[in-house]
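What follows is protein-v2.csv (CSV, C-alpha atoms).
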```csv
chain,number,residue,atom,x,y,z
B,226,MET,CA,-18.1,13.1,43.1
B,227,THR,CA,-16.1,9.9,43.8
B,228,ASP,CA,-12.6,10.1,45.5
B,229,GLU,CA,-11.1,8.9,42.2
B,230,ALA,CA,-12.7,11.6,40.2
B,231,PHE,CA,-11.8,14.2,42.8
B,232,LEU,CA,-8.2,13.0,42.8
B,233,GLN,CA,-8.0,13.1,39.0
B,234,GLN,CA,-9.2,16.7,39.0
B,235,ALA,CA,-6.9,17.7,41.8
B,236,LEU,CA,-3.9,16.1,40.0
B,237,GLN,CA,-4.4,18.5,37.2
B,238,HIS,CA,-2.8,21.1,39.5
B,239,LEU,CA,0.2,19.0,40.5
B,240,GLU,CA,2.7,21.1,38.5
B,241,ALA,CA,1.6,24.4,40.1
B,242,LEU,CA,1.5,22.9,43.6
B,243,HIS,CA,5.0,21.4,43.2
B,244,ASN,CA,6.4,24.7,41.9
B,245,LEU,CA,5.1,26.6,45.0
B,246,ALA,CA,6.2,23.8,47.3
B,247,ALA,CA,9.7,23.9,45.8
B,248,TYR,CA,10.0,27.6,46.4
B,249,LEU,CA,8.7,27.3,49.9
B,250,THR,CA,10.8,24.4,51.1
B,251,ARG,CA,13.8,25.1,48.9
B,252,ASN,CA,14.4,21.3,49.0
B,253,GLY,CA,13.4,18.8,46.3
B,254,SER,CA,12.5,15.9,48.6
B,255,GLU,CA,10.7,18.1,51.1
B,256,ALA,CA,8.7,19.7,48.3
B,257,GLU,CA,7.6,16.2,47.2
B,258,ASP,CA,6.6,15.3,50.8
B,259,LEU,CA,4.7,18.5,51.1
B,260,VAL,CA,2.8,18.0,47.9
B,261,GLN,CA,2.0,14.4,48.8
B,262,GLU,CA,0.8,15.4,52.2
B,263,THR,CA,-1.3,18.1,50.6
B,264,TYR,CA,-3.1,15.6,48.4
B,265,VAL,CA,-3.6,13.2,51.2
B,266,ARG,CA,-5.2,16.0,53.3
B,267,ALA,CA,-7.2,17.2,50.3
B,268,LEU,CA,-8.7,13.8,49.9
B,269,ARG,CA,-9.3,13.4,53.6
B,270,PHE,CA,-11.2,16.7,53.7
B,271,SER,CA,-12.7,16.5,50.2
B,272,HIS,CA,-16.2,16.6,51.7
B,273,ARG,CA,-15.5,20.1,52.8
B,274,PHE,CA,-14.7,21.3,49.3
B,275,GLN,CA,-17.6,23.2,47.7
B,276,PRO,CA,-18.0,22.1,44.1
B,277,GLY,CA,-18.0,25.1,41.8
B,278,THR,CA,-15.4,27.0,43.8
B,279,HIS,CA,-11.8,27.2,42.8
B,280,LEU,CA,-10.2,23.8,43.4
B,281,ARG,CA,-6.8,25.2,42.6
B,282,ALA,CA,-7.0,27.9,45.3
B,283,TRP,CA,-8.3,25.4,47.8
B,284,LEU,CA,-5.3,23.1,47.1
B,285,PHE,CA,-2.9,26.0,47.4
B,286,GLN,CA,-4.5,26.8,50.8
B,287,ILE,CA,-4.0,23.3,52.1
B,288,LEU,CA,-0.4,23.3,50.8
B,289,ARG,CA,0.4,26.5,52.6
B,290,ASN,CA,-1.3,25.5,55.8
B,291,THR,CA,0.6,22.2,55.8
B,292,PHE,CA,3.8,24.0,55.1
B,293,LEU,CA,3.3,26.4,58.0
B,294,THR,CA,2.3,23.5,60.3
B,295,PHE,CA,5.0,21.0,59.5
B,296,TYR,CA,7.8,22.6,57.6
B,297,ARG,CA,8.4,26.0,59.1
B,298,LEU,CA,10.0,24.5,62.2
B,299,ARG,CA,12.7,23.1,60.0
B,300,GLU,CA,13.5,26.5,58.6
B,301,ARG,CA,15.0,27.5,61.9
B,302,GLU,CA,17.3,24.5,61.8
B,303,SER,CA,18.6,24.8,58.3
B,304,ALA,CA,21.4,27.4,58.2
B,305,ILE,CA,20.9,30.0,55.5
B,306,SER,CA,24.1,31.5,54.1
B,307,GLU,CA,24.5,35.2,53.3
B,308,ASP,CA,23.0,34.9,49.8
B,309,GLY,CA,19.9,33.1,51.1
B,310,VAL,CA,20.8,29.7,49.7
B,311,PRO,CA,20.7,26.9,52.3
B,312,GLU,CA,24.2,26.0,53.3
B,313,GLY,CA,25.5,22.6,52.2
B,314,GLU,CA,22.9,22.3,49.5
B,315,SER,CA,23.1,23.1,45.9
B,316,PRO,CA,20.9,25.8,44.6
B,317,MET,CA,17.6,24.5,43.3
B,318,PHE,CA,18.4,25.9,40.0
B,319,GLN,CA,21.0,23.2,39.4
B,320,ASP,CA,18.6,20.6,38.0
B,321,SER,CA,17.0,23.0,35.6
B,322,PRO,CA,17.4,22.3,31.9
B,323,ALA,CA,20.8,23.5,30.5
B,324,GLN,CA,20.6,26.9,29.0
B,325,ASP,CA,23.1,29.5,27.8
B,326,GLY,CA,25.2,31.1,30.5
B,327,GLU,CA,23.7,34.6,30.5
B,328,ARG,CA,20.1,33.3,30.7
B,329,SER,CA,21.1,30.8,33.4
B,330,ALA,CA,22.7,33.7,35.5
B,331,VAL,CA,19.4,35.6,35.3
B,332,HIS,CA,17.5,32.5,36.4
B,333,MET,CA,19.8,31.9,39.3
B,334,ASP,CA,19.8,35.5,40.4
B,335,LEU,CA,16.0,35.7,40.2
B,336,GLU,CA,15.7,32.4,42.1
B,337,ARG,CA,18.1,33.5,44.8
B,338,ALA,CA,16.4,36.9,45.2
B,339,LEU,CA,13.0,35.1,45.6
B,340,VAL,CA,14.4,32.7,48.1
B,341,ARG,CA,15.4,35.6,50.3
B,342,LEU,CA,11.9,36.9,50.6
B,343,PRO,CA,9.9,35.9,53.7
B,344,GLU,CA,7.1,33.4,53.2
B,345,GLU,CA,4.3,35.9,53.7
B,346,PHE,CA,5.7,38.0,50.8
B,347,LYS,CA,6.9,35.1,48.6
B,348,THR,CA,3.7,33.1,48.5
B,349,PRO,CA,1.3,35.9,47.4
B,350,LEU,CA,3.9,37.1,44.8
B,351,LEU,CA,4.2,33.6,43.3
B,352,LEU,CA,0.4,32.9,43.5
B,353,ALA,CA,-0.6,36.2,41.9
B,354,GLU,CA,2.2,37.0,39.5
B,355,VAL,CA,3.4,33.5,38.5
B,356,GLU,CA,0.4,31.3,38.9
B,357,GLY,CA,-2.0,34.2,37.9
B,358,LEU,CA,-4.5,33.6,40.7
B,359,PRO,CA,-7.0,36.4,41.3
B,360,LEU,CA,-6.3,38.5,44.4
B,361,GLU,CA,-9.5,37.3,46.0
B,362,ASP,CA,-8.2,33.7,45.9
B,363,VAL,CA,-4.8,34.8,47.1
B,364,ALA,CA,-6.4,36.6,50.0
B,365,ARG,CA,-8.4,33.4,50.9
B,366,ILE,CA,-5.2,31.3,50.7
B,367,MET,CA,-3.3,33.7,52.8
B,368,ASP,CA,-6.2,34.1,55.2
B,369,CYS,CA,-6.0,37.9,55.1
B,370,PRO,CA,-7.8,40.9,53.5
B,371,ILE,CA,-7.2,41.7,49.8
B,372,GLY,CA,-5.6,45.1,50.9
B,373,THR,CA,-3.0,43.2,52.8
B,374,VAL,CA,-2.3,40.9,49.9
B,375,LYS,CA,-1.8,44.0,47.6
B,376,SER,CA,0.5,45.5,50.2
B,377,ARG,CA,2.5,42.3,50.6
B,378,ILE,CA,2.9,41.9,46.8
B,379,PHE,CA,4.0,45.6,46.5
B,380,ARG,CA,6.6,45.1,49.3
B,381,ALA,CA,7.7,41.8,47.8
B,382,LYS,CA,8.4,43.5,44.5
B,383,GLU,CA,10.3,46.3,46.2
B,384,ARG,CA,12.5,43.8,48.0
B,385,LEU,CA,12.9,41.7,44.9
B,386,ARG,CA,14.1,44.7,43.0
B,387,GLY,CA,16.6,45.5,45.8
B,388,HIS,CA,17.9,41.9,45.9
B,389,LEU,CA,18.3,41.8,42.1
B,390,LYS,CA,20.3,45.0,42.3
B,391,ASP,CA,22.5,43.3,45.0
B,392,TYR,CA,23.3,40.6,42.4
B,393,GLY,CA,24.0,43.3,39.7
B,394,GLU,CA,20.9,42.1,37.9
B,395,ASP,CA,18.8,44.7,36.1
B,396,PRO,CA,15.2,44.1,36.7
B,397,LYS,CA,14.6,45.7,33.4
B,398,VAL,CA,15.9,42.6,31.5
Y,26,MET,CA,3.8,62.7,39.6
Y,27,ALA,CA,2.1,61.2,36.6
Y,28,ASP,CA,5.5,60.2,35.1
Y,29,GLU,CA,6.4,58.5,38.4
Y,30,ILE,CA,3.2,56.5,38.4
Y,31,GLU,CA,3.7,55.5,34.8
Y,32,ASN,CA,7.3,54.5,35.5
Y,33,ARG,CA,6.2,52.5,38.5
Y,34,GLN,CA,3.6,50.7,36.3
Y,35,GLU,CA,6.2,49.9,33.6
Y,36,ASP,CA,8.6,48.7,36.2
Y,37,ASP,CA,5.9,46.4,37.7
Y,38,ALA,CA,5.1,45.0,34.3
Y,39,ARG,CA,8.8,44.4,33.6
Y,40,LEU,CA,9.2,42.6,36.9
Y,41,GLN,CA,6.1,40.5,36.3
Y,42,ARG,CA,7.4,39.5,32.9
Y,43,LEU,CA,10.8,38.7,34.4
Y,44,LEU,CA,9.1,36.4,37.0
Y,45,LYS,CA,6.9,34.7,34.4
Y,46,GLU,CA,9.5,34.2,31.8
Y,47,HIS,CA,12.8,33.8,33.7
Y,48,LEU,CA,11.9,32.2,37.1
Y,49,PRO,CA,12.7,28.5,36.7
Y,50,ARG,CA,9.6,26.4,36.9
Y,51,ARG,CA,10.0,23.6,39.4
Y,52,LEU,CA,8.5,20.6,37.6
Y,53,PRO,CA,7.4,17.6,39.7
Y,54,PRO,CA,9.5,14.5,39.2
Y,55,PRO,CA,7.8,11.8,37.1
Y,56,HIS,CA,7.4,9.4,40.1
Y,57,LEU,CA,5.5,11.9,42.2
Y,58,ARG,CA,2.1,11.4,40.6
Y,59,ALA,CA,2.3,7.6,41.2
Y,60,ALA,CA,3.5,8.2,44.8
Y,61,ILE,CA,0.5,10.5,45.4
Y,62,VAL,CA,-2.0,8.0,44.0
Y,63,GLU,CA,-0.5,5.3,46.2
Y,64,ALA,CA,-0.5,7.4,49.3
Y,65,VAL,CA,-4.1,8.6,48.7
Y,66,GLY,CA,-5.1,5.0,48.0
Y,67,GLN,CA,-3.7,3.8,51.3
Y,68,GLU,CA,-5.7,6.6,53.0
Y,69,THR,CA,-9.0,5.7,51.4
Y,70,ARG,CA,-8.6,1.9,51.0
Y,71,PRO,CA,-11.6,-0.1,52.5
Y,72,ARG,CA,-10.8,-1.1,56.0
Y,73,ARG,CA,-10.7,-4.7,57.3
Y,74,TRP,CA,-13.6,-6.0,59.3
Y,75,TRP,CA,-11.8,-5.6,62.6
Y,76,ALA,CA,-11.0,-2.0,61.8
Y,77,LEU,CA,-14.7,-1.3,62.0
Y,78,TRP,CA,-14.6,-2.1,65.7
Y,79,MET,CA,-11.6,0.1,66.3
Y,80,PRO,CA,-13.4,3.5,66.6
Y,81,PRO,CA,-16.0,2.4,69.1
Y,82,ALA,CA,-13.4,0.4,71.1
Y,83,ALA,CA,-11.1,3.4,71.2
Y,84,ALA,CA,-13.9,5.6,72.2
Y,85,ALA,CA,-14.9,3.3,75.0
Y,86,ALA,CA,-11.2,3.1,76.2
Y,87,ALA,CA,-10.9,6.9,76.1
Y,88,MET,CA,-14.2,7.2,78.1
Y,89,ALA,CA,-12.9,4.8,80.7
Y,90,LEU,CA,-9.6,6.8,80.9
Y,91,VAL,CA,-11.6,10.0,81.3
Y,92,MET,CA,-13.7,8.4,84.1
Y,93,LEU,CA,-10.5,7.2,85.7
Y,94,LEU,CA,-8.9,10.6,85.5
Y,95,TRP,CA,-12.1,12.3,86.9
Y,96,LEU,CA,-12.3,9.9,89.8
Y,97,ALA,CA,-8.5,9.8,90.5
Y,98,PRO,CA,-8.4,13.0,92.6
Y,99,SER,CA,-11.1,11.7,94.9
Y,100,LEU,CA,-9.4,8.4,95.5
Y,101,PRO,CA,-7.5,8.0,98.8
Y,102,THR,CA,-3.9,9.0,98.4
Y,103,THR,CA,-0.9,8.3,100.6
Y,104,THR,CA,1.1,11.3,99.2
Y,105,THR,CA,1.0,14.5,101.1
Y,106,GLY,CA,3.2,17.5,101.4
Y,107,ASP,CA,4.7,20.1,99.1
Y,108,PRO,CA,3.0,20.0,95.7
Y,109,LEU,CA,6.0,21.3,94.0
Y,110,ARG,CA,8.2,18.5,95.4
Y,111,ILE,CA,5.6,15.9,94.3
Y,112,LEU,CA,5.6,17.4,90.9
Y,113,ALA,CA,9.4,17.5,90.9
Y,114,TYR,CA,9.6,13.8,91.6
Y,115,ALA,CA,7.0,13.0,88.9
Y,116,VAL,CA,9.2,15.0,86.4
Y,117,ILE,CA,12.3,13.1,87.7
Y,118,SER,CA,10.5,9.8,87.0
Y,119,GLU,CA,9.7,10.9,83.5
Y,120,HIS,CA,13.4,12.0,83.1
Y,121,ALA,CA,14.6,8.6,84.3
Y,122,ARG,CA,12.2,6.9,81.8
Y,123,ALA,CA,13.7,9.1,79.0
Y,124,ILE,CA,17.2,8.1,80.0
Y,125,LEU,CA,16.3,4.4,80.1
Y,126,TRP,CA,13.9,3.9,77.3
Y,127,GLY,CA,13.7,7.3,75.5
Y,128,GLU,CA,14.3,7.3,71.8
Y,129,SER,CA,16.6,9.6,70.0
Y,130,ARG,CA,14.5,10.7,67.1
Y,131,SER,CA,16.0,14.1,66.2
Y,132,ASP,CA,15.4,13.4,62.5
Y,133,VAL,CA,11.6,13.2,63.0
Y,134,VAL,CA,11.2,15.9,65.8
Y,135,PRO,CA,9.9,18.5,63.4
Y,136,ALA,CA,7.2,16.1,62.3
Y,137,VAL,CA,6.2,14.8,65.7
Y,138,LEU,CA,6.3,18.2,67.4
Y,139,PRO,CA,3.1,19.6,66.0
Y,140,ARG,CA,1.3,16.3,67.1
Y,141,ALA,CA,2.8,16.6,70.6
Y,142,MET,CA,1.7,20.2,70.8
Y,143,GLU,CA,-1.8,19.3,69.7
Y,144,GLU,CA,-2.2,16.4,72.2
Y,145,SER,CA,-0.5,18.2,75.1
Y,146,GLY,CA,-2.5,21.4,75.1
Y,147,VAL,CA,0.8,23.3,75.3
Y,148,ALA,CA,1.9,25.0,72.1
Y,149,LEU,CA,5.4,26.4,71.3
Y,150,SER,CA,5.7,29.5,69.2
Y,151,TRP,CA,9.4,29.1,69.3
Y,152,VAL,CA,11.4,26.0,70.3
Y,153,PHE,CA,15.1,25.6,71.0
Y,154,THR,CA,16.1,22.7,68.7
Y,155,GLY,CA,19.7,22.6,69.7
Y,156,ASP,CA,23.1,23.8,68.7
Y,157,ASP,CA,26.6,22.3,68.6
Y,158,THR,CA,26.6,21.3,72.3
Y,159,ILE,CA,23.0,20.0,72.9
Y,160,ARG,CA,20.3,18.8,70.6
Y,161,LEU,CA,16.6,18.2,70.7
Y,162,VAL,CA,16.1,14.4,70.3
Y,163,ASN,CA,12.5,13.8,71.1
Y,164,ALA,CA,9.2,15.5,71.8
Y,165,GLN,CA,6.0,14.0,73.2
Y,166,PRO,CA,2.9,14.7,75.2
Y,167,THR,CA,3.1,13.8,78.8
Y,168,TYR,CA,0.8,13.4,81.8
Y,169,LEU,CA,2.3,14.1,85.2
Y,170,ASP,CA,0.7,14.6,88.6
Y,171,GLY,CA,-2.8,15.1,87.0
Y,172,ARG,CA,-1.5,17.6,84.4
Y,173,ARG,CA,-1.3,17.3,80.7
Y,174,GLY,CA,1.8,18.8,79.2
Y,175,ILE,CA,4.6,18.5,76.7
Y,176,GLU,CA,8.0,16.9,77.2
Y,177,LEU,CA,11.1,17.7,75.2
Y,178,ASP,CA,14.2,15.6,75.5
Y,179,TYR,CA,17.6,17.0,74.7
Y,180,ARG,CA,21.0,15.2,74.6
Y,181,ASP,CA,24.3,17.0,74.9
Y,182,VAL,CA,27.6,16.1,73.3
Y,183,ASP,CA,28.7,14.2,76.5
Y,184,GLY,CA,25.6,12.0,76.3
Y,185,HIS,CA,23.7,13.6,79.2
Y,186,THR,CA,20.0,13.7,78.8
Y,187,VAL,CA,18.2,16.9,79.7
Y,188,THR,CA,14.4,16.7,80.0
Y,189,TYR,CA,12.3,19.8,79.6
Y,190,VAL,CA,8.7,19.4,80.8
Y,191,ILE,CA,6.1,22.1,80.4
Y,192,LEU,CA,2.8,21.8,82.4
Y,193,PRO,CA,-0.1,24.0,83.4
Y,194,ALA,CA,1.0,25.8,86.6
Y,195,GLY,CA,-2.4,25.4,88.3
Y,196,ALA,CA,-2.3,26.4,91.9
Y,197,ILE,CA,1.5,25.9,92.3
Y,198,THR,CA,3.4,29.0,93.0
Y,199,LEU,CA,7.2,29.1,93.1
Y,200,PRO,CA,8.7,30.1,96.5
Y,201,ASP,CA,11.3,32.8,96.6
Y,202,ARG,CA,13.6,30.6,98.7
Y,203,GLY,CA,16.0,28.6,96.5
Y,204,ARG,CA,15.8,31.0,93.6
Y,205,VAL,CA,19.1,31.7,91.8
Y,206,ARG,CA,19.9,34.4,89.3
Y,207,ILE,CA,20.9,32.9,86.0
Y,208,ASP,CA,21.5,35.4,83.2
Y,209,ARG,CA,18.4,37.6,83.4
Y,210,TRP,CA,16.1,35.2,85.1
Y,211,ARG,CA,15.6,33.9,88.7
Y,212,PRO,CA,14.4,30.3,88.5
Y,213,LEU,CA,14.3,27.9,91.4
Y,214,VAL,CA,17.3,25.6,91.4
Y,215,ARG,CA,16.9,22.3,93.4
Y,216,THR,CA,18.6,19.0,93.8
Y,217,GLU,CA,16.3,16.1,94.4
Y,218,GLY,CA,17.2,12.4,94.5
Y,219,GLY,CA,20.5,12.9,92.8
Y,220,PHE,CA,19.0,15.0,90.0
Y,221,SER,CA,19.3,18.8,89.3
Y,222,LEU,CA,16.1,20.7,88.6
Y,223,ILE,CA,15.6,24.2,87.4
Y,224,ILE,CA,12.0,25.3,87.7
Y,225,TRP,CA,10.4,28.5,86.5
Y,226,SER,CA,7.0,29.8,85.5
Y,227,GLN,CA,6.3,31.3,82.1
Y,228,GLN,CA,2.9,32.3,80.6
Y,229,ASN,CA,1.0,30.6,83.4
Y,230,LEU,CA,2.9,27.4,82.7
Y,231,LEU,CA,5.3,25.6,85.0
Y,232,CYS,CA,8.5,24.7,83.2
Y,233,VAL,CA,10.9,22.2,84.7
Y,234,LEU,CA,14.4,21.3,83.3
Y,235,VAL,CA,15.9,18.2,84.9
Y,236,SER,CA,19.2,16.4,84.4
Y,237,ASP,CA,21.7,14.3,86.2
Y,238,LEU,CA,24.2,17.1,85.9
Y,239,VAL,CA,24.9,17.6,89.6
Y,240,SER,CA,28.6,18.4,90.2
Y,241,ASP,CA,29.6,22.0,90.3
Y,242,ALA,CA,31.1,21.9,86.8
Y,243,ASP,CA,28.1,20.1,85.5
Y,244,LEU,CA,25.7,22.4,87.2
Y,245,ALA,CA,27.3,25.4,85.5
Y,246,LYS,CA,26.8,23.5,82.2
Y,247,PHE,CA,23.2,22.8,83.1
Y,248,LYS,CA,22.6,26.5,83.8
Y,249,GLU,CA,23.9,27.3,80.3
Y,250,TYR,CA,21.4,24.8,78.9
Y,251,PHE,CA,18.7,26.6,80.9
Y,252,VAL,CA,19.7,29.9,79.3
Y,253,LYS,CA,19.5,28.4,75.8
Y,254,VAL,CA,16.2,26.8,76.4
Y,255,ARG,CA,14.7,29.7,78.3
Y,256,SER,CA,15.7,32.3,75.8
Y,257,SER,CA,14.7,30.3,72.7
Y,258,THR,CA,11.5,28.6,73.7
Y,259,GLU,CA,8.1,30.3,74.0
Y,260,PRO,CA,5.4,28.0,75.3
Y,261,TYR,CA,1.8,29.0,75.8
Y,262,ALA,CA,-1.3,27.1,76.9
Y,263,VAL,CA,-3.9,26.5,74.3
Y,264,TYR,CA,-6.8,25.5,76.5
```

Now that the file is in, can you turn its structure into structure tokens?
Amino acid sequence: MTDEAFLQQALQHLEALHNLAAYLTRNGSEAEDLVQETYVRALRFSHRFQPGTHLRAWLFQILRNTFLTFYRLRERESAISEDGVPEGESPMFQDSPAQDGERSAVHMDLERALVRLPEEFKTPLLLAEVEGLPLEDVARIMDCPIGTVKSRIFRAKERLRGHLKDYGEDPKV
Amino acid sequence: MADEIENRQEDDARLQRLLKEHLPRRLPPPHLRAAIVEAVGQETRPRRWWALWMPPAAAAAAMALVMLLWLAPSLPTTTTGDPLRILAYAVISEHARAILWGESRSDVVPAVLPRAMEESGVALSWVFTGDDTIRLVNAQPTYLDGRRGIELDYRDVDGHTVTYVILPAGAITLPDRGRVRIDRWRPLVRTEGGFSLIIWSQQNLLCVLVSDLVSDADLAKFKEYFVKVRSSTEPYAVY
């Protein structure tokens, strides 16, 4: 497969990669940098990709590894306020399409609750429940056994429920 | 029990639906696709003719450097004496270089730090990046007294540069004489050539903090910096 063809295939997953990057970095421009670096690395190591395997999962794996290598250090620098939203920054939700107030509040609470989760809980939850990846793929991306992934998703949900209660949000919406 | 399991499953399904339907989808901006294509294009663009010579030339240069480093210990040397003192002077020279020509690149430190760790053979599971009195402004691999290590440069609010060098300890052991209790540690505190040094070992690594903070008041400040760096930085050797 040529680089061009590989890139075109990989770009089909741009939206999903950007979504995960945005929730990991909590910053629009850093999310863009992270996604761009992911594609550059994917092309650089495209010879290692085994055709027939799940390209989407492979790209998620590169994105997560890149995030852990380059971006996690910054997490310690950026101050996080009590509610988990980086101080001095607007919530990510702000540039979402305008919606009615009640719906927006649910979105914001959900987003804030998710941001408060540690990366090792947030990533498997987003990959499995939002992106719909099979647990085998999530385990490969997280570089851990499937049992660990299940346990992390379970704990992520527990914490998410707790955070949503903090905001007075009923998870049974 | 069965009811509890059923409730849990229903609750899970509701949460899953909430995530799928209500969690805002972060869509990529329209320009990102073009930026990726351009970045990837730069990476895979055919190289100029002279670029073909670069890898073998770089390999030859690296080989020559390795040979030089291998032969260096057997070359006659005029330096004898306390290995710790020799190392201290090497670190002071590096510190002087950081003061004179060091760059302040605090904005790119998070990006250069992984590369510095990779090239130095010293990794940091945690690193003190600064606070309101002192700030990490540069990170780079270094080579001092035959040892490959990492150098972190800090600058405080008064403009003083503090250089933190981490190297493999090798055969160097720290003497008891000259040790001073600072907080919960007992590092070696020395003054050499008009510079203050705090030296300690950590994880088989030799850590040296050097600065021109020498007066009593400045030394107290320097010790505070030591506590910050020592308590928030965890280096380990990766080779």

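A straight line drawn from atom CA of Gln34 of chain Y to atom CA of Pro370 of chain B is 22.8 Å long.
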
*Which residue out of B:Val355, B:Met367, B:Leu259, B:Ala282 has the minimum interatomic distance to chain Y when all atoms listed in the file are used?*
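Smallest distance to chain Y is found for B:Val355.
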
*asked:* Nearest residue to chain B out of Y:Ala262, Y:Val65, Y:Ile124, Y:Ala59, using all atoms listed in the file?
replied: Y:Val65

*Please determine the contact residues of chain Y with respect to chain B at a cut-off of 10 Å, counting only C-alpha atoms, and supply them as number ranges by chain.*
Y: 35-54, 56-58, 60-69, 134-140, 150-156

Could you save the residues just selected, with C-alpha atoms, as a short mmCIF file (atom, residue, chain, number, x, y, z; two decimals), in the frame of the given file?
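Once everything was written out, this is selection28.cif:
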```cif
data_model
loop_
_atom_site.label_atom_id
_atom_site.label_comp_id
_atom_site.auth_asym_id
_atom_site.auth_seq_id
_atom_site.Cartn_x
_atom_site.Cartn_y
_atom_site.Cartn_z
CA GLU Y 35 6.20 49.90 33.60
CA ASP Y 36 8.60 48.70 36.20
CA ASP Y 37 5.90 46.40 37.70
CA ALA Y 38 5.10 45.00 34.30
CA ARG Y 39 8.80 44.40 33.60
CA LEU Y 40 9.20 42.60 36.90
CA GLN Y 41 6.10 40.50 36.30
CA ARG Y 42 7.40 39.50 32.90
CA LEU Y 43 10.80 38.70 34.40
CA LEU Y 44 9.10 36.40 37.00
CA LYS Y 45 6.90 34.70 34.40
CA GLU Y 46 9.50 34.20 31.80
CA HIS Y 47 12.80 33.80 33.70
CA LEU Y 48 11.90 32.20 37.10
CA PRO Y 49 12.70 28.50 36.70
CA ARG Y 50 9.60 26.40 36.90
CA ARG Y 51 10.00 23.60 39.40
CA LEU Y 52 8.50 20.60 37.60
CA PRO Y 53 7.40 17.60 39.70
CA PRO Y 54 9.50 14.50 39.20
CA HIS Y 56 7.40 9.40 40.10
CA LEU Y 57 5.50 11.90 42.20
CA ARG Y 58 2.10 11.40 40.60
CA ALA Y 60 3.50 8.20 44.80
CA ILE Y 61 0.50 10.50 45.40
CA VAL Y 62 -2.00 8.00 44.00
CA GLU Y 63 -0.50 5.30 46.20
CA ALA Y 64 -0.50 7.40 49.30
CA VAL Y 65 -4.10 8.60 48.70
CA GLY Y 66 -5.10 5.00 48.00
CA GLN Y 67 -3.70 3.80 51.30
CA GLU Y 68 -5.70 6.60 53.00
CA THR Y 69 -9.00 5.70 51.40
CA VAL Y 134 11.20 15.90 65.80
CA PRO Y 135 9.90 18.50 63.40
CA ALA Y 136 7.20 16.10 62.30
CA VAL Y 137 6.20 14.80 65.70
CA LEU Y 138 6.30 18.20 67.40
CA PRO Y 139 3.10 19.60 66.00
CA ARG Y 140 1.30 16.30 67.10
CA SER Y 150 5.70 29.50 69.20
CA TRP Y 151 9.40 29.10 69.30
CA VAL Y 152 11.40 26.00 70.30
CA PHE Y 153 15.10 25.60 71.00
CA THR Y 154 16.10 22.70 68.70
CA GLY Y 155 19.70 22.60 69.70
CA ASP Y 156 23.10 23.80 68.70
#
```

What's the 8 Å shell around Thr348 of chain B, counting all atoms listed in the file, without same-chain residues fewer than 4 positions away, as a short mmCIF file (atom, residue, chain, number, x, y, z; two decimals) with C-alpha atoms, keeping the file's coordinate frame?
```
data_model
loop_
_atom_site.label_atom_id
_atom_site.label_comp_id
_atom_site.auth_asym_id
_atom_site.auth_seq_id
_atom_site.Cartn_x
_atom_site.Cartn_y
_atom_site.Cartn_z
CA LEU B 245 5.10 26.60 45.00
CA LEU B 249 8.70 27.30 49.90
CA GLU B 344 7.10 33.40 53.20
CA LEU B 352 0.40 32.90 43.50
#
```

*At what distance in Å, to one decimal, does atom CA of Gly106 of chain Y lie from atom CA of Arg172 of chain Y?*
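Straight-line distance from atom CA of Arg172 of chain Y to atom CA of Gly106 of chain Y works out to 17.6 Å.
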
*atom CA of Thr373 of chain B to atom CA of Leu342 of chain B, distance in Å rounded to a single decimal*: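 Calculated distance between atom CA of Thr373 of chain B and atom CA of Leu342 of chain B is 16.3 Å.
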
*Measuring atom to atom with only C-alpha atoms, identify which of Y:Ala123, Y:Ala84, Y:Val263, Y:Leu238 is nearest to Tyr250 of chain Y.*
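So, comparing all the options, the nearest one is Y:Leu238.
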
*Selection: 8 Å around Ala235 of chain B, only C-alpha atoms, excl. self and same-chain fewer than 6 positions, as a PyMOL selection string*: chain B and resi 264+280-281+284

Write out as a short mmCIF file (atom, residue, chain, number, x, y, z; two decimals) with C-alpha atoms, keeping the file's coordinate frame which residues come within 12 Å of Leu169 of chain Y when counting all atoms listed in the file, dropping same-chain ones fewer than 3 positions away.
```
data_model
loop_
_atom_site.label_atom_id
_atom_site.label_comp_id
_atom_site.auth_asym_id
_atom_site.auth_seq_id
_atom_site.Cartn_x
_atom_site.Cartn_y
_atom_site.Cartn_z
CA LEU Y 94 -8.90 10.60 85.50
CA LEU Y 109 6.00 21.30 94.00
CA ILE Y 111 5.60 15.90 94.30
CA LEU Y 112 5.60 17.40 90.90
CA ALA Y 113 9.40 17.50 90.90
CA TYR Y 114 9.60 13.80 91.60
CA ALA Y 115 7.00 13.00 88.90
CA VAL Y 116 9.20 15.00 86.40
CA ILE Y 117 12.30 13.10 87.70
CA SER Y 118 10.50 9.80 87.00
CA GLU Y 119 9.70 10.90 83.50
CA HIS Y 120 13.40 12.00 83.10
CA SER Y 145 -0.50 18.20 75.10
CA PRO Y 166 2.90 14.70 75.20
CA ARG Y 172 -1.50 17.60 84.40
CA ARG Y 173 -1.30 17.30 80.70
CA GLY Y 174 1.80 18.80 79.20
CA ILE Y 175 4.60 18.50 76.70
CA GLU Y 176 8.00 16.90 77.20
CA VAL Y 190 8.70 19.40 80.80
CA ILE Y 191 6.10 22.10 80.40
CA LEU Y 192 2.80 21.80 82.40
CA PRO Y 193 -0.10 24.00 83.40
CA ALA Y 194 1.00 25.80 86.60
CA LEU Y 231 5.30 25.60 85.00
CA VAL Y 233 10.90 22.20 84.70
#
```

*So which one's closest to Ala121 of chain Y, Y:Leu177, Y:Val235, Y:Ala245, Y:Leu90? Using all atoms listed in the file, please.*
Y:Val235

*asked:* Using all atoms listed in the file, can you tell me which of Y:Phe251, Y:Asp181, Y:Lys246, Y:Thr186 comes closest to Asp208 of chain Y?
replied: Y:Phe251
